[in-house]
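Visitor: So that you have it, the file is upload.txt, and it contains compact mmCIF, N, CA and C atoms:
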```
# COMPACT_ATOMS: atom_id res chain seq x y z
N MET X 1 0.82 -1.19 0.00
CA MET X 1 0.00 0.00 0.00
C MET X 1 0.86 1.25 0.00
N PRO X 2 1.92 1.33 0.80
CA PRO X 2 2.76 2.51 0.74
C PRO X 2 3.40 2.66 -0.63
N GLU X 3 3.62 1.55 -1.35
CA GLU X 3 4.20 1.65 -2.69
C GLU X 3 3.24 2.33 -3.66
N GLU X 4 1.93 2.06 -3.50
CA GLU X 4 0.92 2.68 -4.37
C GLU X 4 0.87 4.18 -4.16
N THR X 5 0.97 4.61 -2.91
CA THR X 5 0.91 6.04 -2.66
C THR X 5 2.15 6.73 -3.18
N GLN X 6 3.29 6.04 -3.11
CA GLN X 6 4.51 6.61 -3.67
C GLN X 6 4.43 6.69 -5.19
N ALA X 7 3.84 5.69 -5.84
CA ALA X 7 3.72 5.67 -7.29
C ALA X 7 2.78 6.78 -7.75
N ARG X 8 1.69 6.97 -6.99
CA ARG X 8 0.75 8.04 -7.36
C ARG X 8 1.38 9.41 -7.14
N ALA X 9 2.13 9.55 -6.10
CA ALA X 9 2.76 10.82 -5.79
C ALA X 9 3.82 11.17 -6.83
N SER X 10 4.53 10.17 -7.32
CA SER X 10 5.58 10.44 -8.31
C SER X 10 5.00 10.61 -9.71
N GLY X 11 3.74 10.30 -9.92
CA GLY X 11 3.10 10.50 -11.20
C GLY X 11 3.11 9.27 -12.09
N ALA X 12 3.70 8.18 -11.67
CA ALA X 12 3.72 6.96 -12.48
C ALA X 12 2.42 6.21 -12.27
N SER X 13 1.92 5.62 -13.33
CA SER X 13 0.70 4.84 -13.22
C SER X 13 0.85 3.59 -14.06
N ASP X 14 0.05 2.58 -13.74
CA ASP X 14 0.11 1.33 -14.46
C ASP X 14 -0.68 1.38 -15.76
N ALA X 15 -1.62 2.32 -15.89
CA ALA X 15 -2.46 2.40 -17.08
C ALA X 15 -1.65 2.94 -18.26
N ALA X 16 -2.07 2.60 -19.46
CA ALA X 16 -1.39 3.06 -20.68
C ALA X 16 -1.59 4.56 -20.83
N PRO X 17 -0.57 5.27 -21.24
CA PRO X 17 -0.73 6.72 -21.39
C PRO X 17 -1.70 7.05 -22.52
N THR X 18 -2.51 8.07 -22.30
CA THR X 18 -3.48 8.47 -23.33
C THR X 18 -2.76 9.33 -24.37
N PRO X 19 -3.03 9.09 -25.64
CA PRO X 19 -2.38 9.92 -26.68
C PRO X 19 -2.90 11.34 -26.64
N GLN X 20 -2.00 12.29 -26.69
CA GLN X 20 -2.39 13.70 -26.67
C GLN X 20 -2.22 14.27 -28.06
N ALA X 21 -3.06 15.25 -28.35
CA ALA X 21 -2.95 15.93 -29.65
C ALA X 21 -1.66 16.72 -29.68
N PRO X 22 -1.00 16.79 -30.81
CA PRO X 22 0.24 17.56 -30.87
C PRO X 22 -0.03 19.03 -30.60
N SER X 23 0.82 19.60 -29.79
CA SER X 23 0.64 21.01 -29.48
C SER X 23 1.75 21.80 -30.14
N GLY X 24 1.48 23.05 -30.40
CA GLY X 24 2.47 23.90 -31.03
C GLY X 24 1.82 24.71 -32.14
N PRO X 25 2.59 25.55 -32.80
CA PRO X 25 2.02 26.38 -33.86
C PRO X 25 1.60 25.55 -35.06
N GLY X 26 0.45 25.85 -35.58
CA GLY X 26 -0.02 25.19 -36.79
C GLY X 26 -0.85 23.95 -36.54
N SER X 27 -0.91 23.48 -35.31
CA SER X 27 -1.74 22.31 -35.05
C SER X 27 -2.94 22.77 -34.23
N GLY X 28 -4.08 22.48 -34.72
CA GLY X 28 -5.29 22.92 -34.04
C GLY X 28 -6.37 21.87 -34.18
N PRO X 29 -7.61 22.25 -33.94
CA PRO X 29 -8.70 21.29 -34.04
C PRO X 29 -8.93 20.80 -35.46
N ARG X 30 -8.47 21.54 -36.44
CA ARG X 30 -8.68 21.14 -37.83
C ARG X 30 -7.48 20.39 -38.41
N GLY X 31 -6.51 20.11 -37.59
CA GLY X 31 -5.36 19.36 -38.06
C GLY X 31 -4.19 20.27 -38.36
N PRO X 32 -3.08 19.69 -38.75
CA PRO X 32 -1.90 20.51 -39.04
C PRO X 32 -2.08 21.33 -40.30
N ARG X 33 -1.49 22.50 -40.28
CA ARG X 33 -1.60 23.39 -41.44
C ARG X 33 -0.64 22.96 -42.53
N GLY X 34 -0.99 23.31 -43.73
CA GLY X 34 -0.09 23.05 -44.84
C GLY X 34 1.04 24.06 -44.86
N SER X 35 1.90 23.94 -45.81
CA SER X 35 3.04 24.85 -45.88
C SER X 35 2.70 26.13 -46.64
N GLY X 36 1.43 26.41 -46.82
CA GLY X 36 1.02 27.57 -47.59
C GLY X 36 0.93 28.85 -46.79
N GLY X 37 1.45 28.88 -45.59
CA GLY X 37 1.42 30.10 -44.81
C GLY X 37 0.32 30.06 -43.78
N PRO X 38 0.04 31.19 -43.17
CA PRO X 38 -0.97 31.21 -42.12
C PRO X 38 -2.36 30.93 -42.68
N GLY X 39 -3.06 30.05 -42.03
CA GLY X 39 -4.41 29.71 -42.47
C GLY X 39 -4.44 28.61 -43.50
N GLY X 40 -3.31 28.20 -44.02
CA GLY X 40 -3.26 27.11 -44.99
C GLY X 40 -3.96 27.44 -46.29
N ARG X 41 -3.83 28.65 -46.76
CA ARG X 41 -4.55 29.07 -47.96
C ARG X 41 -3.89 28.62 -49.25
N GLY X 42 -2.82 27.89 -49.16
CA GLY X 42 -2.15 27.45 -50.37
C GLY X 42 -1.01 28.37 -50.72
N LYS X 43 -0.44 28.15 -51.87
CA LYS X 43 0.70 28.95 -52.27
C LYS X 43 0.23 30.30 -52.79
N PHE X 44 0.79 31.35 -52.22
CA PHE X 44 0.43 32.71 -52.63
C PHE X 44 1.68 33.55 -52.60
N PHE X 45 1.98 34.18 -53.70
CA PHE X 45 3.17 35.01 -53.79
C PHE X 45 2.76 36.44 -53.98
N ARG X 46 3.13 37.30 -53.05
CA ARG X 46 2.80 38.72 -53.15
C ARG X 46 3.95 39.45 -53.80
N ARG X 47 3.68 40.10 -54.90
CA ARG X 47 4.71 40.85 -55.60
C ARG X 47 5.06 42.10 -54.83
N LYS X 48 6.32 42.48 -54.91
CA LYS X 48 6.75 43.72 -54.28
C LYS X 48 6.20 44.88 -55.09
N LYS X 49 5.57 45.80 -54.42
CA LYS X 49 4.99 46.94 -55.11
C LYS X 49 6.08 47.95 -55.46
N VAL X 50 6.06 48.42 -56.67
CA VAL X 50 7.06 49.36 -57.16
C VAL X 50 6.37 50.69 -57.43
N CYS X 51 7.03 51.78 -57.10
CA CYS X 51 6.48 53.11 -57.29
C CYS X 51 6.24 53.38 -58.77
N LYS X 52 5.03 53.74 -59.10
CA LYS X 52 4.66 54.01 -60.49
C LYS X 52 5.41 55.23 -61.02
N PHE X 53 5.60 56.21 -60.17
CA PHE X 53 6.23 57.46 -60.61
C PHE X 53 7.74 57.29 -60.79
N CYS X 54 8.34 56.42 -59.99
CA CYS X 54 9.78 56.16 -60.14
C CYS X 54 10.05 55.36 -61.42
N THR X 55 9.21 54.37 -61.71
CA THR X 55 9.44 53.54 -62.89
C THR X 55 9.21 54.32 -64.18
N GLU X 56 8.23 55.22 -64.17
CA GLU X 56 7.95 56.03 -65.36
C GLU X 56 8.74 57.33 -65.37
N LYS X 57 9.55 57.53 -64.32
CA LYS X 57 10.41 58.71 -64.18
C LYS X 57 9.63 60.02 -64.28
N ILE X 58 8.53 60.09 -63.51
CA ILE X 58 7.72 61.30 -63.43
C ILE X 58 8.19 62.07 -62.20
N ASP X 59 8.73 63.28 -62.42
CA ASP X 59 9.22 64.08 -61.30
C ASP X 59 8.11 64.91 -60.68
N ALA X 60 7.43 65.69 -61.50
CA ALA X 60 6.35 66.54 -61.00
C ALA X 60 5.01 65.85 -61.25
N ILE X 61 4.20 65.77 -60.22
CA ILE X 61 2.88 65.16 -60.37
C ILE X 61 1.89 66.28 -60.66
N PRO X 62 1.31 66.30 -61.86
CA PRO X 62 0.41 67.41 -62.22
C PRO X 62 -0.93 67.29 -61.49
N TYR X 63 -1.34 68.39 -60.86
CA TYR X 63 -2.61 68.37 -60.14
C TYR X 63 -3.79 68.45 -61.09
N ARG X 64 -3.56 68.78 -62.36
CA ARG X 64 -4.65 68.87 -63.33
C ARG X 64 -4.98 67.53 -63.98
N ASP X 65 -4.10 66.56 -63.82
CA ASP X 65 -4.31 65.24 -64.41
C ASP X 65 -5.24 64.42 -63.50
N VAL X 66 -6.54 64.58 -63.73
CA VAL X 66 -7.54 63.98 -62.85
C VAL X 66 -7.54 62.46 -62.95
N LYS X 67 -7.34 61.93 -64.15
CA LYS X 67 -7.33 60.47 -64.32
C LYS X 67 -6.21 59.83 -63.51
N LEU X 68 -5.06 60.46 -63.49
CA LEU X 68 -3.93 59.94 -62.73
C LEU X 68 -4.21 60.01 -61.24
N LEU X 69 -4.75 61.13 -60.79
CA LEU X 69 -4.99 61.32 -59.36
C LEU X 69 -6.11 60.42 -58.83
N GLN X 70 -7.09 60.12 -59.67
CA GLN X 70 -8.20 59.29 -59.22
C GLN X 70 -7.78 57.86 -58.93
N GLN X 71 -6.66 57.42 -59.48
CA GLN X 71 -6.16 56.08 -59.18
C GLN X 71 -5.70 55.97 -57.73
N PHE X 72 -5.38 57.10 -57.12
CA PHE X 72 -4.85 57.11 -55.76
C PHE X 72 -5.84 57.67 -54.75
N VAL X 73 -7.09 57.83 -55.17
CA VAL X 73 -8.15 58.30 -54.28
C VAL X 73 -9.20 57.20 -54.21
N ALA X 74 -9.59 56.83 -52.99
CA ALA X 74 -10.58 55.77 -52.81
C ALA X 74 -11.97 56.25 -53.25
N GLU X 75 -12.88 55.32 -53.28
CA GLU X 75 -14.24 55.61 -53.74
C GLU X 75 -14.93 56.69 -52.90
N ARG X 76 -14.62 56.70 -51.63
CA ARG X 76 -15.24 57.68 -50.73
C ARG X 76 -14.51 59.01 -50.71
N GLY X 77 -13.40 59.11 -51.43
CA GLY X 77 -12.68 60.37 -51.51
C GLY X 77 -11.42 60.43 -50.67
N LYS X 78 -11.10 59.34 -49.98
CA LYS X 78 -9.89 59.32 -49.14
C LYS X 78 -8.66 59.03 -49.99
N ILE X 79 -7.54 59.58 -49.59
CA ILE X 79 -6.28 59.30 -50.25
C ILE X 79 -5.81 57.92 -49.80
N VAL X 80 -5.51 57.05 -50.77
CA VAL X 80 -5.12 55.68 -50.47
C VAL X 80 -3.69 55.68 -49.92
N PRO X 81 -3.42 54.97 -48.82
CA PRO X 81 -2.08 54.97 -48.24
C PRO X 81 -1.06 54.27 -49.13
N ARG X 82 0.20 54.61 -48.92
CA ARG X 82 1.26 54.11 -49.79
C ARG X 82 1.51 52.62 -49.61
N ARG X 83 1.16 52.04 -48.48
CA ARG X 83 1.34 50.60 -48.32
C ARG X 83 0.40 49.81 -49.22
N LEU X 84 -0.69 50.43 -49.65
CA LEU X 84 -1.61 49.78 -50.58
C LEU X 84 -1.28 50.07 -52.03
N THR X 85 -0.82 51.29 -52.31
CA THR X 85 -0.54 51.66 -53.69
C THR X 85 0.87 51.30 -54.13
N GLY X 86 1.80 51.27 -53.20
CA GLY X 86 3.18 50.95 -53.55
C GLY X 86 4.00 52.16 -53.97
N VAL X 87 3.48 53.35 -53.77
CA VAL X 87 4.19 54.57 -54.14
C VAL X 87 5.25 54.86 -53.08
N CYS X 88 6.41 55.35 -53.51
CA CYS X 88 7.48 55.65 -52.55
C CYS X 88 7.10 56.87 -51.71
N THR X 89 7.88 57.10 -50.66
CA THR X 89 7.55 58.15 -49.69
C THR X 89 7.54 59.54 -50.30
N THR X 90 8.56 59.86 -51.09
CA THR X 90 8.63 61.22 -51.65
C THR X 90 7.49 61.46 -52.64
N HIS X 91 7.19 60.46 -53.45
CA HIS X 91 6.10 60.64 -54.41
C HIS X 91 4.74 60.62 -53.72
N GLN X 92 4.61 59.91 -52.59
CA GLN X 92 3.34 59.95 -51.86
C GLN X 92 3.08 61.35 -51.32
N ARG X 93 4.11 62.03 -50.85
CA ARG X 93 3.94 63.40 -50.37
C ARG X 93 3.54 64.33 -51.50
N ARG X 94 4.21 64.19 -52.64
CA ARG X 94 3.86 65.03 -53.80
C ARG X 94 2.47 64.71 -54.31
N LEU X 95 2.11 63.44 -54.28
CA LEU X 95 0.77 63.01 -54.72
C LEU X 95 -0.30 63.59 -53.81
N THR X 96 -0.05 63.57 -52.51
CA THR X 96 -1.00 64.13 -51.55
C THR X 96 -1.20 65.62 -51.79
N ARG X 97 -0.09 66.31 -52.02
CA ARG X 97 -0.18 67.75 -52.29
C ARG X 97 -0.97 68.02 -53.58
N ALA X 98 -0.74 67.21 -54.62
CA ALA X 98 -1.45 67.41 -55.88
C ALA X 98 -2.94 67.11 -55.73
N ILE X 99 -3.28 66.08 -54.96
CA ILE X 99 -4.70 65.74 -54.74
C ILE X 99 -5.39 66.87 -53.98
N LYS X 100 -4.71 67.43 -52.99
CA LYS X 100 -5.31 68.53 -52.22
C LYS X 100 -5.47 69.78 -53.07
N GLN X 101 -4.53 70.04 -53.96
CA GLN X 101 -4.67 71.18 -54.88
C GLN X 101 -5.85 70.96 -55.83
N ALA X 102 -5.98 69.74 -56.33
CA ALA X 102 -7.08 69.44 -57.24
C ALA X 102 -8.43 69.54 -56.53
N ARG X 103 -8.47 69.19 -55.27
CA ARG X 103 -9.71 69.33 -54.50
C ARG X 103 -10.07 70.80 -54.30
N ASN X 104 -9.06 71.62 -54.03
CA ASN X 104 -9.33 73.04 -53.76
C ASN X 104 -9.84 73.78 -54.98
N ILE X 105 -9.45 73.36 -56.18
CA ILE X 105 -9.98 74.02 -57.37
C ILE X 105 -11.10 73.20 -58.02
N ALA X 106 -11.67 72.27 -57.25
CA ALA X 106 -12.87 71.51 -57.62
C ALA X 106 -12.66 70.58 -58.80
N LEU X 107 -11.45 70.06 -58.99
CA LEU X 107 -11.25 69.03 -60.00
C LEU X 107 -11.57 67.65 -59.43
N LEU X 108 -11.32 67.49 -58.14
CA LEU X 108 -11.65 66.25 -57.43
C LEU X 108 -12.58 66.58 -56.29
N PRO X 109 -13.52 65.67 -55.98
CA PRO X 109 -14.40 65.92 -54.84
C PRO X 109 -13.71 65.65 -53.51
N PHE X 110 -14.11 66.38 -52.46
CA PHE X 110 -13.58 66.12 -51.14
C PHE X 110 -14.13 64.80 -50.61
N ALA X 111 -15.40 64.53 -50.88
CA ALA X 111 -16.05 63.29 -50.45
C ALA X 111 -17.15 62.98 -51.45
N THR X 112 -17.65 61.75 -51.38
CA THR X 112 -18.74 61.36 -52.28
C THR X 112 -20.05 61.95 -51.80
N GLN X 113 -20.96 62.10 -52.72
CA GLN X 113 -22.28 62.62 -52.37
C GLN X 113 -23.15 61.46 -51.92
N HIS X 114 -23.93 61.69 -50.89
CA HIS X 114 -24.82 60.65 -50.40
C HIS X 114 -26.02 60.53 -51.26
```
Go ahead and express the file in the form of structure tokens.
Guide:
Amino acid sequence: MPEETQARASGASDAAPTPQAPSGPGSGPRGPRGSGGPGGRGKFFRRKKVCKFCTEKIDAIPYRDVKLLQQFVAERGKIVPRRLTGVCTTHQRRLTRAIKQARNIALLPFATQH
């Protein structure tokens, strides 16, 4: 009897150990993830965004070119951030200035109409 209490206290038991689910990143209730990245969405390659103005060597961004500026303005009238458009920092500043100039002379709307 004292041997049983010592065995229980030390954590050893005569019963077979129960299999545990693997723990760690990527293993969950739905099974292990594939090598396709987070969520197991498969192979997806995101291209590095390159500044449109640098590749076309445009120095001055014309505020009168509405078609060009509308590519960088969202549907609601917000200026799209550079992490989404891929424009470099210096050209994003110039683009912002040109969009604001175009808004002030009513070439671009400040916001959409309801």
Visitor: Counting only N, CA and C atoms, what is within 7 Å of Tyr63 (chain X), bar same-chain residues fewer than 5 positions away, as a list in words?
Guide: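 After dropping sequence-adjacent residues, the list is Arg97, Ala98, Ile99, Gln101 and Ala102 of chain X.
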Visitor: Keeping N, CA and C atoms, export the residues of the selection given above as a PDB file, keeping the file's coordinate frame.
Guide:
```
ATOM      1  N   ARG X  97      -0.090  66.310 -52.020  1.00  0.00           N
ATOM      2  CA  ARG X  97      -0.180  67.750 -52.290  1.00  0.00           C
ATOM      3  C   ARG X  97      -0.970  68.020 -53.580  1.00  0.00           C
ATOM      4  N   ALA X  98      -0.740  67.210 -54.620  1.00  0.00           N
ATOM      5  CA  ALA X  98      -1.450  67.410 -55.880  1.00  0.00           C
ATOM      6  C   ALA X  98      -2.940  67.110 -55.730  1.00  0.00           C
ATOM      7  N   ILE X  99      -3.280  66.080 -54.960  1.00  0.00           N
ATOM      8  CA  ILE X  99      -4.700  65.740 -54.740  1.00  0.00           C
ATOM      9  C   ILE X  99      -5.390  66.870 -53.980  1.00  0.00           C
ATOM     10  N   GLN X 101      -4.530  70.040 -53.960  1.00  0.00           N
ATOM     11  CA  GLN X 101      -4.670  71.180 -54.880  1.00  0.00           C
ATOM     12  C   GLN X 101      -5.850  70.960 -55.830  1.00  0.00           C
ATOM     13  N   ALA X 102      -5.980  69.740 -56.330  1.00  0.00           N
ATOM     14  CA  ALA X 102      -7.080  69.440 -57.240  1.00  0.00           C
ATOM     15  C   ALA X 102      -8.430  69.540 -56.530  1.00  0.00           C
TER      16      ALA X 102
END
```
Visitor: What lies within 12 Å of Pro62 (chain X) using only C-alpha atoms, ignoring chain neighbours under 2 positions off, as a ChimeraX atom specification?
Guide: /X:53,58-60,64-69,91,94-102,107
Visitor: To one decimal in Å, tell me the separation between atom C of Ala111 (chain X) and atom N of Gly86 (chain X).
Guide: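 Computed distance, atom C of Ala111 (chain X) to atom N of Gly86 (chain X), equals 22.3 Å.
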Visitor: Any idea what the distance is between atom N of Val87 (chain X) and atom C of Cys51 (chain X)?
Guide: 5.7 Å
Visitor: Go ahead and compute the interatomic distance for atom N of Lys52 (chain X) and atom C of Ala74 (chain X), in Å to one decimal.
Guide: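 Taking atom N of Lys52 (chain X) as the start and atom C of Ala74 (chain X) as the end point, the length is 18.2 Å.
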Visitor: Report, as lines of an AutoDock Vina configuration file, the axis-aligned box around all atoms of region 89-108 of chain X present in the file, extended by 5 Å on each side; give centre and edge lengths in Å to one decimal place.
Guide:
```
center_x = -2.1
center_y = 65.6
center_z = -54.8
size_x = 31.5
size_y = 26.9
size_z = 20.3
```
